[in-house]
$ cat run_27.csv   # CSV, C-alpha atoms and all ligand atoms
chain,number,residue,atom,x,y,z
X,417,MET,CA,48.9,-1.8,18.7
X,418,LYS,CA,45.5,-2.3,20.3
X,419,LEU,CA,45.5,1.3,21.4
X,420,ILE,CA,46.1,2.6,17.9
X,421,GLN,CA,43.3,0.4,16.7
X,422,ALA,CA,40.9,1.7,19.3
X,423,SER,CA,41.7,5.3,18.5
X,424,LEU,CA,41.3,4.6,14.8
X,425,ASN,CA,37.8,3.2,15.4
X,426,GLU,CA,36.8,6.2,17.5
X,427,ASN,CA,37.9,8.5,14.7
X,428,ASN,CA,35.9,6.5,12.2
X,429,LEU,CA,32.8,6.9,14.4
X,430,LYS,CA,33.4,10.6,14.8
X,431,ASN,CA,33.8,11.1,11.0
X,432,LYS,CA,30.9,8.8,10.1
X,433,PRO,CA,28.1,11.0,8.8
X,434,GLU,CA,25.0,10.8,10.9
X,435,THR,CA,22.1,8.7,9.4
X,436,LYS,CA,18.5,9.5,10.0
X,437,SER,CA,15.2,7.7,9.6
X,438,ALA,CA,11.5,8.4,9.7
X,439,PHE,CA,8.6,6.0,10.1
X,440,ILE,CA,5.5,7.4,8.5
X,441,ALA,CA,2.0,6.0,8.5
X,442,ILE,CA,-0.4,6.8,5.6
X,443,VAL,CA,-4.1,6.7,6.6
X,444,GLY,CA,-7.4,7.9,5.1
X,445,ARG,CA,-10.7,6.9,3.7
X,446,PRO,CA,-10.8,4.2,1.0
X,447,ASN,CA,-10.0,5.2,-2.6
X,448,VAL,CA,-8.4,8.6,-1.8
X,449,GLY,CA,-5.0,7.5,-3.2
X,450,LYS,CA,-3.0,6.3,-0.2
X,451,SER,CA,-1.3,3.4,-2.1
X,452,SER,CA,-0.8,5.6,-5.2
X,453,LEU,CA,0.9,8.2,-3.0
X,454,LEU,CA,3.1,5.4,-1.4
X,455,ASN,CA,4.1,4.2,-4.9
X,456,ALA,CA,4.9,7.8,-6.0
X,457,LEU,CA,7.0,8.4,-2.9
X,458,VAL,CA,8.9,5.1,-3.2
X,459,GLY,CA,9.3,5.7,-7.0
X,460,GLN,CA,8.2,2.1,-7.8
X,461,LYS,CA,5.0,0.1,-7.5
X,462,VAL,CA,5.0,-1.7,-4.1
X,463,ALA,CA,1.2,-1.5,-3.4
X,464,ILE,CA,-1.6,-2.3,-5.8
X,465,VAL,CA,-4.0,0.4,-6.8
X,466,SER,CA,-7.6,0.2,-8.0
X,467,ASN,CA,-10.7,2.3,-8.6
X,468,LYS,CA,-12.6,0.2,-6.0
X,469,ALA,CA,-12.7,1.0,-2.3
X,470,GLN,CA,-10.9,-1.4,0.1
X,471,THR,CA,-8.2,-2.4,-2.3
X,472,THR,CA,-5.5,-2.5,0.4
X,473,ARG,CA,-6.1,-5.2,3.0
X,474,THR,CA,-3.0,-5.1,5.1
X,475,LYS,CA,-0.1,-2.8,6.2
X,476,ILE,CA,2.4,-2.4,3.3
X,477,THR,CA,5.8,-1.1,3.9
X,478,GLY,CA,7.5,1.1,1.3
X,479,ILE,CA,11.0,2.3,1.8
X,480,LYS,CA,12.9,5.2,0.2
X,481,THR,CA,16.4,6.1,1.2
X,482,GLN,CA,17.5,9.5,0.2
X,483,GLY,CA,21.2,10.2,1.0
X,484,LEU,CA,21.6,9.7,4.7
X,485,THR,CA,17.9,9.6,5.5
X,486,GLN,CA,15.7,6.5,5.3
X,487,PHE,CA,11.9,7.0,5.1
X,488,VAL,CA,9.8,4.0,6.0
X,489,PHE,CA,6.2,4.4,4.9
X,490,LEU,CA,3.3,2.2,6.1
X,491,ASP,CA,0.4,2.2,3.7
X,492,THR,CA,-2.9,1.0,5.4
X,493,PRO,CA,-6.4,-0.1,4.4
X,494,GLY,CA,-8.9,2.7,4.0
X,495,VAL,CA,-11.0,3.4,7.2
X,496,HIS,CA,-14.4,1.8,6.9
X,497,LYS,CA,-17.2,0.2,9.0
X,498,PRO,CA,-16.3,-3.5,9.5
X,499,ARG,CA,-18.7,-6.1,8.3
X,500,THR,CA,-16.6,-9.2,8.2
X,501,LYS,CA,-13.7,-10.6,10.2
X,502,LEU,CA,-11.4,-9.6,7.3
X,503,ASN,CA,-12.7,-6.0,7.8
X,504,ASP,CA,-11.9,-6.2,11.6
X,505,TYR,CA,-8.4,-7.4,10.6
X,506,MET,CA,-8.0,-4.4,8.2
X,507,ILE,CA,-9.0,-1.9,10.9
X,508,GLU,CA,-6.6,-3.6,13.3
X,509,GLN,CA,-3.8,-3.0,10.7
X,510,ILE,CA,-4.6,0.7,10.7
X,511,ARG,CA,-4.4,0.8,14.5
X,512,GLN,CA,-1.1,-1.0,14.6
X,513,ALA,CA,0.4,1.3,11.9
X,514,LEU,CA,-0.3,4.3,14.1
X,515,ILE,CA,1.8,3.0,16.9
X,516,ASP,CA,5.4,4.2,17.2
X,517,VAL,CA,5.6,6.3,14.0
X,518,ASP,CA,7.3,9.6,13.8
X,519,LEU,CA,4.6,11.1,11.5
X,520,ILE,CA,1.1,10.3,10.4
X,521,ILE,CA,0.0,11.4,6.9
X,522,MET,CA,-3.7,11.6,6.5
X,523,VAL,CA,-4.7,11.6,2.8
X,524,ALA,CA,-8.0,13.1,1.6
X,525,GLU,CA,-9.2,14.2,-1.8
X,526,ALA,CA,-8.4,17.8,-2.9
X,527,TYR,CA,-12.1,18.4,-3.6
X,528,GLY,CA,-15.4,17.9,-2.0
X,529,ASN,CA,-18.0,19.9,-0.2
X,530,ASN,CA,-17.8,18.1,3.1
X,531,ILE,CA,-15.8,15.8,5.3
X,532,SER,CA,-17.2,12.3,5.2
X,533,ASP,CA,-18.4,10.4,8.2
X,534,GLU,CA,-15.5,8.0,7.9
X,535,GLU,CA,-13.1,10.9,7.7
X,536,ASP,CA,-14.7,12.5,10.7
X,537,ARG,CA,-14.3,9.4,12.8
X,538,LEU,CA,-10.6,9.2,11.7
X,539,LEU,CA,-10.0,12.8,12.6
X,540,LYS,CA,-11.5,12.2,16.1
X,541,LYS,CA,-9.0,9.3,16.5
X,542,LEU,CA,-6.1,11.4,15.3
X,543,ARG,CA,-7.0,14.2,17.7
X,544,ARG,CA,-6.3,11.7,20.6
X,545,ASN,CA,-3.0,10.6,19.0
X,546,GLU,CA,0.0,12.8,20.0
X,547,THR,CA,2.1,11.9,17.0
X,548,LYS,CA,2.7,14.8,14.6
X,549,LYS,CA,0.4,14.8,11.6
X,550,ILE,CA,0.2,16.4,8.2
X,551,LEU,CA,-2.7,16.4,5.7
X,552,VAL,CA,-2.1,15.5,2.1
X,553,LEU,CA,-4.9,16.6,-0.3
X,554,ASN,CA,-4.5,14.3,-3.3
X,555,LYS,CA,-5.9,14.3,-6.9
X,556,LEU,CA,-5.0,18.0,-7.4
X,557,ASP,CA,-5.0,17.2,-11.1
X,558,LYS,CA,-8.8,17.0,-11.0
X,559,LEU,CA,-9.2,20.6,-10.0
X,560,LYS,CA,-9.8,23.0,-12.9
X,561,ASN,CA,-8.4,25.9,-11.0
X,562,LYS,CA,-5.6,25.4,-8.3
X,563,ASN,CA,-7.3,28.0,-6.1
X,564,ASP,CA,-10.3,25.7,-5.8
X,565,ILE,CA,-8.3,23.9,-3.1
X,566,LEU,CA,-8.6,26.8,-0.7
X,567,PRO,CA,-12.1,26.1,0.6
X,568,ARG,CA,-11.1,22.4,1.0
X,569,MET,CA,-8.0,23.4,3.1
X,570,ALA,CA,-10.2,25.7,5.2
X,571,MET,CA,-12.4,22.7,6.0
X,572,PHE,CA,-9.5,21.0,7.7
X,573,ALA,CA,-7.9,24.2,9.2
X,574,LYS,CA,-9.2,23.6,12.7
X,575,GLU,CA,-7.6,20.2,12.9
X,576,ASP,CA,-4.1,19.8,14.4
X,577,PHE,CA,-2.1,19.3,11.2
X,578,ASP,CA,1.4,20.7,11.1
X,579,ALA,CA,1.0,21.3,7.4
X,580,ILE,CA,-1.5,20.8,4.5
X,581,VAL,CA,0.2,19.7,1.3
X,582,PRO,CA,-1.8,19.5,-2.0
X,583,VAL,CA,-0.4,16.8,-4.4
X,584,SER,CA,-1.3,14.7,-7.4
X,585,ALA,CA,0.1,11.2,-6.8
X,586,LEU,CA,-0.9,10.5,-10.4
X,587,ASN,CA,1.2,13.1,-12.1
X,588,LYS,CA,3.7,13.6,-9.2
X,589,GLU,CA,2.8,17.2,-8.6
X,590,GLY,CA,3.5,18.7,-5.2
X,591,LEU,CA,5.8,15.8,-4.2
X,592,ALA,CA,8.9,18.1,-3.8
X,593,GLU,CA,7.0,20.2,-1.3
X,594,LEU,CA,5.9,17.0,0.5
X,595,TRP,CA,9.4,15.6,0.7
X,596,GLN,CA,10.6,18.9,2.2
X,597,GLN,CA,7.9,18.5,4.9
X,598,LEU,CA,8.7,14.8,5.5
X,599,ALA,CA,12.4,15.5,6.0
X,600,CYS,CA,11.6,17.7,9.1
X,601,TYR,CA,10.4,14.5,10.9
X,602,ALA,CA,13.5,12.3,10.4
X,603,LYS,CA,15.4,11.6,13.5
X,604,GLN,CA,19.0,10.6,14.0
X,605,SER,CA,19.0,6.8,13.9
X,606,VAL,CA,20.5,3.8,12.1
X,607,HIS,CA,18.7,2.7,8.9
X,608,PHE,CA,16.4,-0.2,9.7
X,609,PHE,CA,16.5,-1.6,6.1
X,610,PRO,CA,19.2,-1.9,3.5
X,611,ASP,CA,19.4,1.3,1.5
X,612,ASP,CA,18.4,-0.3,-1.8
X,613,MET,CA,15.3,-2.1,-0.4
X,614,ILE,CA,11.9,-0.7,-1.4
X,615,THR,CA,9.6,-3.0,0.5
X,616,ASP,CA,9.6,-5.9,3.0
X,617,GLN,CA,6.8,-7.6,1.2
X,618,PRO,CA,7.7,-11.2,0.1
X,619,GLU,CA,7.7,-11.7,-3.7
X,620,LYS,CA,5.0,-14.3,-3.4
X,621,ILE,CA,2.7,-11.8,-1.7
X,622,PHE,CA,3.4,-9.2,-4.3
X,623,VAL,CA,2.5,-11.7,-7.1
X,624,SER,CA,-0.8,-12.5,-5.4
X,625,GLU,CA,-1.5,-8.8,-4.9
X,626,LEU,CA,-0.8,-8.0,-8.6
X,627,ILE,CA,-3.3,-10.7,-9.7
X,628,ARG,CA,-5.8,-9.3,-7.2
X,629,GLU,CA,-5.3,-5.8,-8.8
X,630,LYS,CA,-6.2,-7.2,-12.2
X,631,LEU,CA,-9.3,-8.9,-10.7
X,632,LEU,CA,-10.3,-5.6,-9.1
X,633,TYR,CA,-10.0,-3.7,-12.4
X,634,ASN,CA,-11.8,-6.3,-14.5
X,635,LEU,CA,-14.6,-7.4,-12.3
X,636,LYS,CA,-17.6,-5.4,-11.4
X,637,ALA,CA,-19.2,-4.4,-8.1
X,638,GLU,CA,-18.8,-6.6,-5.0
X,639,ILE,CA,-17.1,-9.7,-6.5
X,640,PRO,CA,-13.5,-8.5,-6.1
X,641,HIS,CA,-14.0,-8.0,-2.4
X,642,THR,CA,-14.9,-11.6,-2.0
X,643,ILE,CA,-11.7,-12.8,-3.7
X,644,ALA,CA,-8.4,-13.9,-2.2
X,645,VAL,CA,-5.3,-14.9,-4.2
X,646,VAL,CA,-2.6,-17.3,-3.0
X,647,THR,CA,0.7,-17.9,-4.8
X,648,GLU,CA,1.2,-21.6,-4.3
X,649,ARG,CA,4.4,-22.0,-6.2
X,650,MET,CA,7.1,-19.8,-7.7
X,651,ALA,CA,10.3,-21.2,-9.1
X,652,GLU,CA,12.9,-20.5,-11.7
X,653,ARG,CA,12.8,-23.2,-14.3
X,654,LYS,CA,15.8,-25.5,-13.9
X,655,SER,CA,16.2,-26.6,-17.6
X,656,GLN,CA,15.8,-23.0,-18.9
X,657,THR,CA,17.1,-19.9,-17.2
X,658,ASN,CA,15.1,-16.7,-17.5
X,659,ILE,CA,11.7,-18.3,-17.0
X,660,ILE,CA,9.7,-18.3,-13.8
X,661,ASP,CA,6.9,-20.7,-13.3
X,662,ILE,CA,4.2,-19.3,-11.0
X,663,ASN,CA,1.0,-21.2,-9.9
X,664,VAL,CA,-1.7,-19.2,-8.1
X,665,THR,CA,-5.1,-20.1,-6.7
X,666,ILE,CA,-7.9,-17.6,-6.9
X,667,LEU,CA,-10.4,-18.2,-4.2
X,668,CYS,CA,-14.0,-16.9,-4.4
X,669,GLU,CA,-17.0,-17.4,-2.2
X,670,LYS,CA,-19.7,-18.6,-4.6
X,671,PRO,CA,-19.8,-21.0,-7.5
X,672,ARG,CA,-21.6,-18.2,-9.6
X,673,HIS,CA,-18.6,-15.9,-8.9
X,674,LYS,CA,-16.3,-18.6,-10.2
X,675,ALA,CA,-18.3,-18.7,-13.4
X,676,ILE,CA,-18.0,-14.9,-13.8
X,677,ILE,CA,-14.3,-14.9,-13.1
X,678,ILE,CA,-13.8,-17.6,-15.8
X,679,GLY,CA,-16.0,-15.7,-18.2
X,680,LYS,CA,-17.4,-16.9,-21.6
X,681,ASN,CA,-15.1,-19.6,-22.9
X,682,GLY,CA,-12.5,-18.6,-20.3
X,683,SER,CA,-12.1,-15.1,-21.8
X,684,MET,CA,-12.2,-13.2,-18.5
X,685,LEU,CA,-9.6,-15.4,-16.7
X,686,LYS,CA,-7.4,-15.3,-19.8
X,687,LYS,CA,-7.6,-11.4,-19.9
X,688,ILE,CA,-6.8,-11.2,-16.2
X,689,ALA,CA,-3.9,-13.7,-16.4
X,690,THR,CA,-2.4,-12.0,-19.5
X,691,GLU,CA,-2.5,-8.6,-17.9
X,692,ALA,CA,-0.9,-9.9,-14.7
X,693,ARG,CA,1.8,-11.9,-16.7
X,694,ILE,CA,2.8,-8.9,-18.7
X,695,GLU,CA,3.3,-6.8,-15.5
X,696,LEU,CA,5.1,-9.7,-13.7
X,697,GLU,CA,7.5,-10.1,-16.7
X,698,TYR,CA,8.3,-6.4,-16.5
X,699,PHE,CA,8.8,-6.6,-12.7
X,700,PHE,CA,11.0,-9.7,-12.7
X,701,ASP,CA,12.6,-8.8,-16.0
X,702,CYS,CA,12.2,-12.4,-17.4
X,703,LYS,CA,9.6,-14.6,-18.9
X,704,VAL,CA,6.7,-15.8,-16.7
X,705,ASN,CA,4.6,-18.9,-17.1
X,706,LEU,CA,1.5,-18.1,-15.0
X,707,GLN,CA,-1.0,-20.8,-14.2
X,708,CYS,CA,-4.2,-19.6,-12.4
X,709,PHE,CA,-6.5,-22.1,-10.7
X,710,LEU,CA,-9.9,-21.3,-9.2
X,711,LYS,CA,-11.5,-22.6,-6.0
X,712,VAL,CA,-14.7,-21.8,-4.1
X,713,LYS,CA,-14.2,-21.3,-0.4
X,714,GLU,CA,-17.4,-20.2,1.2
X,715,ASP,CA,-17.2,-17.3,3.7
X,716,TRP,CA,-13.4,-17.3,3.9
X,717,ARG,CA,-13.6,-13.6,4.9
X,718,ASN,CA,-15.0,-14.7,8.3
X,719,LYS,CA,-12.3,-17.4,8.8
X,720,GLN,CA,-9.5,-15.6,10.5
X,721,GLN,CA,-7.3,-18.7,10.7
X,722,PHE,CA,-7.6,-19.1,6.9
X,723,PHE,CA,-6.7,-15.6,5.9
X,724,SER,CA,-3.8,-15.5,8.4
X,725,ASN,CA,-2.5,-18.6,6.6
X,726,ILE,CA,-2.5,-17.0,3.2
X,727,GLY,CA,-0.3,-14.1,4.2
X,728,LEU,CA,-2.8,-11.5,5.2
C,801,LIG,N1,-6.9,11.7,-10.9
C,801,LIG,C1,-6.2,11.1,-9.9
C,801,LIG,N2,-6.5,9.9,-9.5
C,801,LIG,C2,-5.8,9.3,-8.6
C,801,LIG,C3,-4.7,10.0,-7.9
C,801,LIG,N3,-4.2,9.2,-7.0
C,801,LIG,C4,-4.9,8.0,-7.0
C,801,LIG,N4,-5.9,8.1,-8.0
C,801,LIG,C5,-6.8,7.1,-8.3
C,801,LIG,O1,-7.7,6.8,-7.2
C,801,LIG,C6,-8.1,5.4,-7.2
C,801,LIG,C7,-7.8,4.9,-5.8
C,801,LIG,O2,-6.3,4.8,-5.6
C,801,LIG,P1,-5.6,3.9,-4.5
C,801,LIG,O3,-4.2,4.4,-4.4
C,801,LIG,O4,-5.9,2.5,-4.7
C,801,LIG,O5,-6.4,4.4,-3.2
C,801,LIG,P2,-6.3,3.9,-1.7
C,801,LIG,O6,-6.6,5.1,-0.8
C,801,LIG,O7,-5.0,3.2,-1.5
C,801,LIG,O8,-7.5,3.0,-1.6
C,801,LIG,P3,-7.8,1.7,-0.6
C,801,LIG,O9,-6.6,0.8,-0.6
C,801,LIG,O10,-9.0,1.1,-1.1
C,801,LIG,O11,-8.1,2.4,0.8
C,801,LIG,C8,-7.3,4.8,-8.3
C,801,LIG,O12,-8.2,4.7,-9.4
C,801,LIG,C9,-6.2,5.7,-8.6
C,801,LIG,O13,-5.8,5.6,-9.9
C,801,LIG,C10,-4.4,11.3,-8.4
C,801,LIG,O14,-3.5,12.0,-7.9
C,801,LIG,N5,-5.2,11.8,-9.4
C,802,MG,MG,-4.7,1.3,-0.9
$ encode --input "run_27.csv" --output "C-alpha cells"
Amino acid sequence: MKLIQASLNENNLKNKPETKSAFIAIVGRPNVGKSSLLNALVGQKVAIVSNKAQTTRTKITGIKTQGLTQFVFLDTPGVHKPRTKLNDYMIEQIRQALIDVDLIIMVAEAYGNNISDEEDRLLKKLRRNETKKILVLNKLDKLKNKNDILPRMAMFAKEDFDAIVPVSALNKEGLAELWQQLACYAKQSVHFFPDDMITDQPEKIFVSELIREKLLYNLKAEIPHTIAVVTERMAERKSQTNIIDINVTILCEKPRHKAIIIGKNGSMLKKIATEARIELEYFFDCKVNLQCFLKVKEDWRNKQQFFSNIGL
C-alpha cells in the first residue's frame, strides 16, 4: 500500500506544471513614474503616487501572478542626494532592493535633452551590478510624435541594457511589450507569495501612505516632505458591521506647518481627510470613520529610532 502511495506522489510531481518566479527591482530618479509603473503592472494601487519628488520612502513589494509565473516587483525611493537620516534610510532601501533580484528595471522619462546627474550616478552603480537590466522610458503619452523617443533611446544606447521599452504607465501603453520582456527573466521556482496576493504591505501602512498621498497633493513645496503619518488604530466596529474606525496621527516638524495643514477653519485637514476617506471606502469596500490628529515632532527625520518605529 505504501509503495502505491509513493509512486502516486511521484506521478503527481512529474505531472505538476512547473511554476516560475521573477524578482524585479524598479529604480530611477524621483518622479519618473516608478510607483505608477508598479501599480500599472500589478493592476491595482499598491504604492502612492504624487507630482512631488521623493514620494516613496521605503521598498514596496507589488506582486502579480500570471498563470504559472509570479512576478515580485520592488518599488524603491527615487535616487537623490541624502540630507537627513530619513534620506540615508531611503538610499539604503534602494541598495537592498538591488540585492538578489533577477532583473533591474531602470525607469527614466521618455523625453529630455540630457541624462541628469542623479541618473548618471545611478547608471554608474548599475554598470558595476551584474544583474540583467532593462530601461523603461515612461510618460510616452507626453510625446507629440512617437518617433521623438529615438534620440532619447540613443542617449542610453551605450549602457548595458538588454532592452529599452517605451511605455506610458498613465494610459497603460507599451505594457504588453514590457510583460513579454519581463517573462524572459522568470526562473523555475516555487511561488513565494499566495497567487492572489498583491502586496506584503500591512493594511495599517497602506492607510498611512494613502493619507500621506493626499497631503502631498494638497500641500505646497517642502511641507509634505516633513510629514509622517501613523495609523494608531484600525478596527471594525463591533456594534455595526461594515464600518471601520481608523485613527491616524499626522506628524509635522513645526507649529507653523501644523497651522497650514489644519488650514482656515480646519478646511485643509477636512479636504485631505475627506479625499482619503473616499479612497479608503473604495479600497475596503465599506464605510470608514476616519479621525486625523496632528502632532508636532521636531526633526523626526533625523531620529532613526522614531521612523523605524512608525513602520518605515
Ligand atoms: N503623463 C504621465 N504622467 C505620469 C506617468 N507615470 C507617472 N506620471 C506622473 O508622474 C508623477 C510621479 O509619479 P510617481 O509614480 O509618484 O513617480 P516615482 O518615480 O515613484 O516618484 P518617487 O517615489 O518620488 O521617486 C505623478 O504626477 C504621476 O501621475 C505617465 O506615464 N504619463
Ligand atoms: Mg514612488
$ residues_near_ligand --input "run_27.csv" --ligand "ligand MG 802 (chain C)" --cutoff "12 Å" --atoms "all atoms listed in the file" --output "PyMOL selection string"
chain X and resi 442-455+461-477+490-495+506+510+523+625+629
$ closest_residue --input "run_27.csv" --among "X:Phe439, X:Phe608, X:Tyr633, X:Phe622" --to "ligand LIG 801 (chain C)" --atoms "only C-alpha atoms and all ligand atoms"
X:Tyr633
$ axis_aligned_box --input "run_27.csv" --around "segment 700-717 of chain X" --padding-each-side "8 Å" --output "JSON"
{"center_x": -2.4, "center_y": -15.7, "center_z": -7.0, "size_x": 46.0, "size_y": 29.8, "size_z": 39.8}
$ closest_residue --input "run_27.csv" --among "X:Ala526, X:Leu696, X:Ile688, X:Leu551" --to "ligand LIG 801 (chain C)" --atoms "only C-alpha atoms and all ligand atoms"
X:Ala526
$ closest_residue --input "run_27.csv" --among "X:Gly459, X:Pro582, X:Pro433, X:Pro567" --to "ligand LIG 801 (chain C)" --atoms "only C-alpha atoms and all ligand atoms"
X:Pro582
$ atom_distance --input "run_27.csv" --atom1 "atom CA of Met684 of chain X" --atom2 "atom O4 of ligand LIG 801 (chain C)"
21.8 Å
$ residues_around --input "run_27.csv" --residues "segment 651-662 of chain X" --least-positions-apart "6" --cutoff "7 Å" --atoms "all atoms listed in the file" --output "PDB file with C-alpha atoms, in the coordinates of the input"
ATOM      1  CA  CYS X 702      12.200 -12.400 -17.400  1.00  0.00           C
ATOM      2  CA  LYS X 703       9.600 -14.600 -18.900  1.00  0.00           C
ATOM      3  CA  VAL X 704       6.700 -15.800 -16.700  1.00  0.00           C
ATOM      4  CA  ASN X 705       4.600 -18.900 -17.100  1.00  0.00           C
ATOM      5  CA  LEU X 706       1.500 -18.100 -15.000  1.00  0.00           C
ATOM      6  CA  GLN X 707      -1.000 -20.800 -14.200  1.00  0.00           C
TER       7      GLN X 707
END
$ residues_around --input "run_27.csv" --residues "Thr665 of chain X" --least-positions-apart "3" --cutoff "10 Å" --atoms "all atoms listed in the file" --output "PyMOL selection string"
chain X and resi 624+644-649+668+707-711
$ closest_residue --input "run_27.csv" --among "X:Gln604, X:Gln512, X:Ser437, X:Ser584" --to "ligand LIG 801 (chain C)" --atoms "only C-alpha atoms and all ligand atoms"
X:Ser584
$ residues_around --input "run_27.csv" --residues "Ile520 of chain X" --least-positions-apart "3" --cutoff "6 Å" --atoms "only C-alpha atoms" --output "ChimeraX atom specification"
/X:440-441,549
$ residues_around --input "run_27.csv" --residues "Lys686 of chain X" --least-positions-apart "3" --cutoff "12 Å" --atoms "only C-alpha atoms" --output "number ranges by chain"
X: 627, 630-631, 634, 677-683, 689-693, 706-709
$ atom_distance --input "run_27.csv" --atom1 "atom CA of Arg543 of chain X" --atom2 "atom O1 of ligand LIG 801 (chain C)"
26.0 Å
$ closest_residue --input "run_27.csv" --among "X:Leu484, X:Met522, X:Val606, X:Ala573" --to "ligand LIG 801 (chain C)" --atoms "all atoms listed in the file"
X:Met522
$ atom_distance --input "run_27.csv" --atom1 "atom C6 of ligand LIG 801 (chain C)" --atom2 "atom CA of Val583 of chain X"
14.0 Å
$ closest_residue --input "run_27.csv" --among "X:Asp616, X:Glu714, X:Asp557, X:Asp504" --to "ligand LIG 801 (chain C)" --atoms "all atoms listed in the file"
X:Asp557
$ residues_around --input "run_27.csv" --residues "Ala456 of chain X" --least-positions-apart "5" --cutoff "8 Å" --atoms "all atoms listed in the file" --output "mmCIF file with C-alpha atoms, keeping the file's coordinate frame"
data_model
loop_
_atom_site.group_PDB
_atom_site.id
_atom_site.type_symbol
_atom_site.label_atom_id
_atom_site.label_comp_id
_atom_site.auth_asym_id
_atom_site.auth_seq_id
_atom_site.Cartn_x
_atom_site.Cartn_y
_atom_site.Cartn_z
ATOM 1 C CA LYS X 461 5.000 0.100 -7.500
ATOM 2 C CA ALA X 585 0.100 11.200 -6.800
ATOM 3 C CA LEU X 586 -0.900 10.500 -10.400
ATOM 4 C CA LYS X 588 3.700 13.600 -9.200
#
$ decode --input "run_27.csv" --residues "segment 431-444 of chain X" --atoms "N, CA, C and O atoms" --output "short mmCIF file (atom, residue, chain, number, x, y, z; two decimals), in the first residue's frame"
data_model
loop_
_atom_site.label_atom_id
_atom_site.label_comp_id
_atom_site.auth_asym_id
_atom_site.auth_seq_id
_atom_site.Cartn_x
_atom_site.Cartn_y
_atom_site.Cartn_z
N ASN X 431 3.72 15.28 -13.12
CA ASN X 431 2.68 15.94 -13.91
C ASN X 431 2.43 17.38 -13.48
O ASN X 431 1.74 18.12 -14.15
N LYS X 432 3.00 17.74 -12.32
CA LYS X 432 2.72 19.09 -11.81
C LYS X 432 3.39 20.12 -12.74
O LYS X 432 4.58 20.04 -13.00
N PRO X 433 2.61 21.07 -13.25
CA PRO X 433 3.22 22.05 -14.14
C PRO X 433 4.29 22.85 -13.39
O PRO X 433 4.16 23.07 -12.18
N GLU X 434 5.29 23.27 -14.11
CA GLU X 434 6.40 23.94 -13.42
C GLU X 434 6.14 25.42 -13.21
O GLU X 434 5.86 26.14 -14.17
N THR X 435 6.22 25.84 -11.97
CA THR X 435 5.97 27.24 -11.67
C THR X 435 7.28 28.03 -11.82
O THR X 435 8.38 27.48 -11.71
N LYS X 436 7.12 29.32 -12.06
CA LYS X 436 8.29 30.20 -12.22
C LYS X 436 8.09 31.45 -11.37
O LYS X 436 6.96 31.80 -11.03
N SER X 437 9.20 32.11 -11.08
CA SER X 437 9.07 33.42 -10.42
C SER X 437 10.18 34.34 -10.87
O SER X 437 11.23 33.88 -11.35
N ALA X 438 9.94 35.63 -10.74
CA ALA X 438 10.97 36.62 -11.07
C ALA X 438 10.89 37.75 -10.05
O ALA X 438 9.81 38.26 -9.78
N PHE X 439 12.04 38.07 -9.46
CA PHE X 439 12.12 39.23 -8.55
C PHE X 439 12.71 40.39 -9.35
O PHE X 439 13.76 40.26 -9.96
N ILE X 440 12.00 41.51 -9.34
CA ILE X 440 12.37 42.63 -10.22
C ILE X 440 12.40 43.94 -9.42
O ILE X 440 11.39 44.34 -8.82
N ALA X 441 13.55 44.60 -9.39
CA ALA X 441 13.65 45.89 -8.69
C ALA X 441 13.37 47.02 -9.68
O ALA X 441 13.77 46.95 -10.85
N ILE X 442 12.66 48.04 -9.20
CA ILE X 442 12.36 49.21 -10.05
C ILE X 442 13.10 50.42 -9.45
O ILE X 442 12.84 50.79 -8.30
N VAL X 443 14.03 50.97 -10.21
CA VAL X 443 14.81 52.10 -9.69
C VAL X 443 14.79 53.27 -10.68
O VAL X 443 14.42 53.10 -11.84
N GLY X 444 15.22 54.42 -10.19
CA GLY X 444 15.26 55.60 -11.07
C GLY X 444 15.22 56.86 -10.27
O GLY X 444 15.07 56.84 -9.04
#
